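> Structure incoming, see below.
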Amino acid sequence: MNIRSLTRGDGVVIGAAVLLFIASFLDTFDGSGSDVPNAWDNLGLVMSMYLGGIIGAALIVVARALPQPRKVAGIDLGQFGVALTVFAAWTAFWTIIDPLGAFSDTFGSTDIETGSGLILGLIAALLLAAGAVATPLVPALQAALVPAPRPAAPQPYGAQPPAGYGYPGAPQQPSAFGGPPQQGQPGQPPFGAQPGPAQPSGGDFSPFWFAVPVPRPLYAEDGAPMPIAELAPGTWYLAVEQGAQGLVAQTQDGRRGVLRDASGIQRG
């Protein structure tokens, strides 16, 4: 799981879920004679409104952080999570309109008022559903929750950025100037050396490191419609050439593919 793949919209979802969890412990009703002090004493309410929304938020965040989409019975986890958040907001709205429901004759409607748990729960559920639905539609919510750190200085082709970026665990290679070893891929020239046949030909293009602002799919160079990988924010990838379909990039495990949407990428 990659935390840096989370967006600002996911941050709104997480915050609303925390608020919803706190609201579940507050009083559902205010007034004398009430036997339902909070949502945990009403199984139907806590499962449909409070836990339903929290589980939906967890599914959204997990689906976003996974490198590849996960489906259960053909349903995407993130989409199922969005549906749960909307259902929680729907339940909260009608519950606060008629908080007693079938118990109105038992408790009476004159001495019972809506408690802080339902009021705060409604606010949290509406905020949760709004964040889940609006994230794919609002560009501001699609920005990375944790911005990708920039490397100390641009690196030449064949050399690795400082520790923590690019390919983790790559073997060490000695520097061309006799300095400390640097990280690089096996078979790539050391710092300061001219790249060999792996350097792409064509025009004035020079390979560079880049990071994506939001998760972006990487497609095969043969034009296949299905993605072969997903580029995640917070990780530096190597752009090796400019192809006809888009920017040709190399992933951490050495796979090459086409990044068809290169808008807003951050160059190293």
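By convention in this document, the chains of the structure tokens carry letters A, B, ... by their order, each chain's residues are numbered from 1, and ligands are numbered from 1 in the order they are shown.
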Taking only C-alpha atoms into account, produce a table as JSON lines in which each residue of region 27-145 of chain A with an atom at most 12 Å from an atom of region 208-220 of chain A appears once, together with its shortest atom pair and the distance in Å to one decimal, ordered by chain and rising number.

{"residue": "A:Ala63", "atom": "CA", "partner": "A:Pro215", "partner_atom": "CA", "distance": 11.7}
{"residue": "A:Arg64", "atom": "CA", "partner": "A:Pro215", "partner_atom": "CA", "distance": 8.6}
{"residue": "A:Ala65", "atom": "CA", "partner": "A:Pro215", "partner_atom": "CA", "distance": 9.5}
{"residue": "A:Leu66", "atom": "CA", "partner": "A:Pro215", "partner_atom": "CA", "distance": 10.5}
{"residue": "A:Pro67", "atom": "CA", "partner": "A:Pro215", "partner_atom": "CA", "distance": 9.1}
{"residue": "A:Gln68", "atom": "CA", "partner": "A:Pro217", "partner_atom": "CA", "distance": 9.7}
{"residue": "A:Pro69", "atom": "CA", "partner": "A:Pro217", "partner_atom": "CA", "distance": 11.0}
{"residue": "A:Thr135", "atom": "CA", "partner": "A:Val214", "partner_atom": "CA", "distance": 11.6}
{"residue": "A:Pro136", "atom": "CA", "partner": "A:Val214", "partner_atom": "CA", "distance": 11.0}
{"residue": "A:Pro139", "atom": "CA", "partner": "A:Val214", "partner_atom": "CA", "distance": 10.2}
{"residue": "A:Ala140", "atom": "CA", "partner": "A:Val214", "partner_atom": "CA", "distance": 11.2}
{"residue": "A:Leu141", "atom": "CA", "partner": "A:Val214", "partner_atom": "CA", "distance": 10.3}
{"residue": "A:Gln142", "atom": "CA", "partner": "A:Val214", "partner_atom": "CA", "distance": 6.7}
{"residue": "A:Ala143", "atom": "CA", "partner": "A:Pro213", "partner_atom": "CA", "distance": 6.2}
{"residue": "A:Ala144", "atom": "CA", "partner": "A:Pro213", "partner_atom": "CA", "distance": 5.9}
{"residue": "A:Leu145", "atom": "CA", "partner": "A:Val214", "partner_atom": "CA", "distance": 9.5}
> I want to know what sits within 12 Å of region 254-260 of chain A, based on only C-alpha atoms, with residues of the same chain fewer than 5 positions away left out; could you give that as a PyMOL selection string?
chain A and resi 166-168+170+184-186+210-212+215-231+237-249+265
> When you count only C-alpha atoms, which of these residues is closest to Ser5 (chain A): A:Val62, A:Ala73, A:Ala83, A:Ala125?
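Counting only C-alpha atoms, the residue closest to Ser5 (chain A) is A:Val62.
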> As an mmCIF file with C-alpha atoms, in the first residue's frame, please: the residues near region 42-55 of chain A (cut-off 9 Å, only C-alpha atoms, same-chain neighbours under 3 positions excluded).

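The result, written out as selection19.cif:
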data_model
loop_
_atom_site.group_PDB
_atom_site.id
_atom_site.type_symbol
_atom_site.label_atom_id
_atom_site.label_comp_id
_atom_site.auth_asym_id
_atom_site.auth_seq_id
_atom_site.Cartn_x
_atom_site.Cartn_y
_atom_site.Cartn_z
ATOM 1 C CA ILE A 14 -10.890 10.005 6.702
ATOM 2 C CA ALA A 16 -15.420 12.626 8.384
ATOM 3 C CA ALA A 17 -15.153 8.948 9.356
ATOM 4 C CA VAL A 18 -13.311 9.885 12.567
ATOM 5 C CA LEU A 20 -18.706 9.847 12.686
ATOM 6 C CA PHE A 21 -17.008 7.398 15.060
ATOM 7 C CA ALA A 23 -20.580 10.874 17.257
ATOM 8 C CA SER A 24 -21.578 7.239 17.804
ATOM 9 C CA VAL A 36 -31.097 4.827 24.270
ATOM 10 C CA ASN A 38 -26.016 6.390 22.348
ATOM 11 C CA ALA A 39 -25.965 4.612 19.005
ATOM 12 C CA ALA A 58 -12.147 2.385 4.968
ATOM 13 C CA LEU A 59 -12.934 0.675 1.647
ATOM 14 C CA ILE A 60 -12.375 3.932 -0.262
ATOM 15 C CA GLY A 81 -17.337 2.135 -0.314
ATOM 16 C CA VAL A 82 -18.871 5.212 -1.977
ATOM 17 C CA LEU A 84 -21.980 2.736 1.702
ATOM 18 C CA THR A 85 -21.198 6.374 2.530
ATOM 19 C CA VAL A 86 -24.236 7.543 0.560
ATOM 20 C CA PHE A 87 -26.400 4.964 2.346
ATOM 21 C CA ALA A 88 -25.082 6.181 5.727
ATOM 22 C CA ALA A 89 -25.952 9.796 4.851
ATOM 23 C CA TRP A 90 -29.420 8.689 3.687
ATOM 24 C CA THR A 91 -30.015 6.859 6.975
ATOM 25 C CA ALA A 92 -28.762 9.807 9.028
ATOM 26 C CA THR A 95 -33.240 9.255 11.373
ATOM 27 C CA GLY A 121 -23.539 12.088 13.014
ATOM 28 C CA LEU A 122 -25.664 13.721 10.300
ATOM 29 C CA ALA A 125 -22.254 11.444 7.252
ATOM 30 C CA LEU A 128 -18.339 11.797 4.246
ATOM 31 C CA ALA A 129 -20.687 11.161 1.326
#
> Excluding same-chain residues fewer than 5 positions from region 112-116 of chain A, what lies within 6 Å of it counting only C-alpha atoms, as a PDB file with C-alpha atoms, in the first residue's frame?

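Below is the file result-v4.pdb, written as the result:
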ATOM      1  CA  ASP A  27     -26.300  10.775  23.230  1.00  0.00           C
ATOM      2  CA  THR A  28     -28.799   9.813  20.586  1.00  0.00           C
ATOM      3  CA  PHE A  29     -31.754  11.337  22.465  1.00  0.00           C
ATOM      4  CA  ASP A  30     -31.958  14.110  25.052  1.00  0.00           C
ATOM      5  CA  GLY A  31     -34.719  14.013  27.583  1.00  0.00           C
TER       6      GLY A  31
END
> Rounded to one decimal place, report the CA of Leu120 (chain A)-CA of Leu26 (chain A) distance in Å.
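Interatomic distance here is 8.7 Å.
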> Considering only C-alpha atoms, can you say which of A:Ala262, A:Gly268, A:Val61, A:Val72 comes closest to Trp236 (chain A)?
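For Trp236 (chain A), the nearest of the candidates is A:Gly268.
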> Please indicate the distance in Å from CA of Ala132 (chain A) to CA of Gly15 (chain A), rounded to one decimal place.
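So the answer is 11.7 Å.
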> Can you tell me, as a PyMOL selection string, which residues in region 22-148 of chain A count as helix (DSSP H, G or I) by DSSP?
chain A and resi 22-23+39-41+43-65+77-97+101-107+116-134+139-142
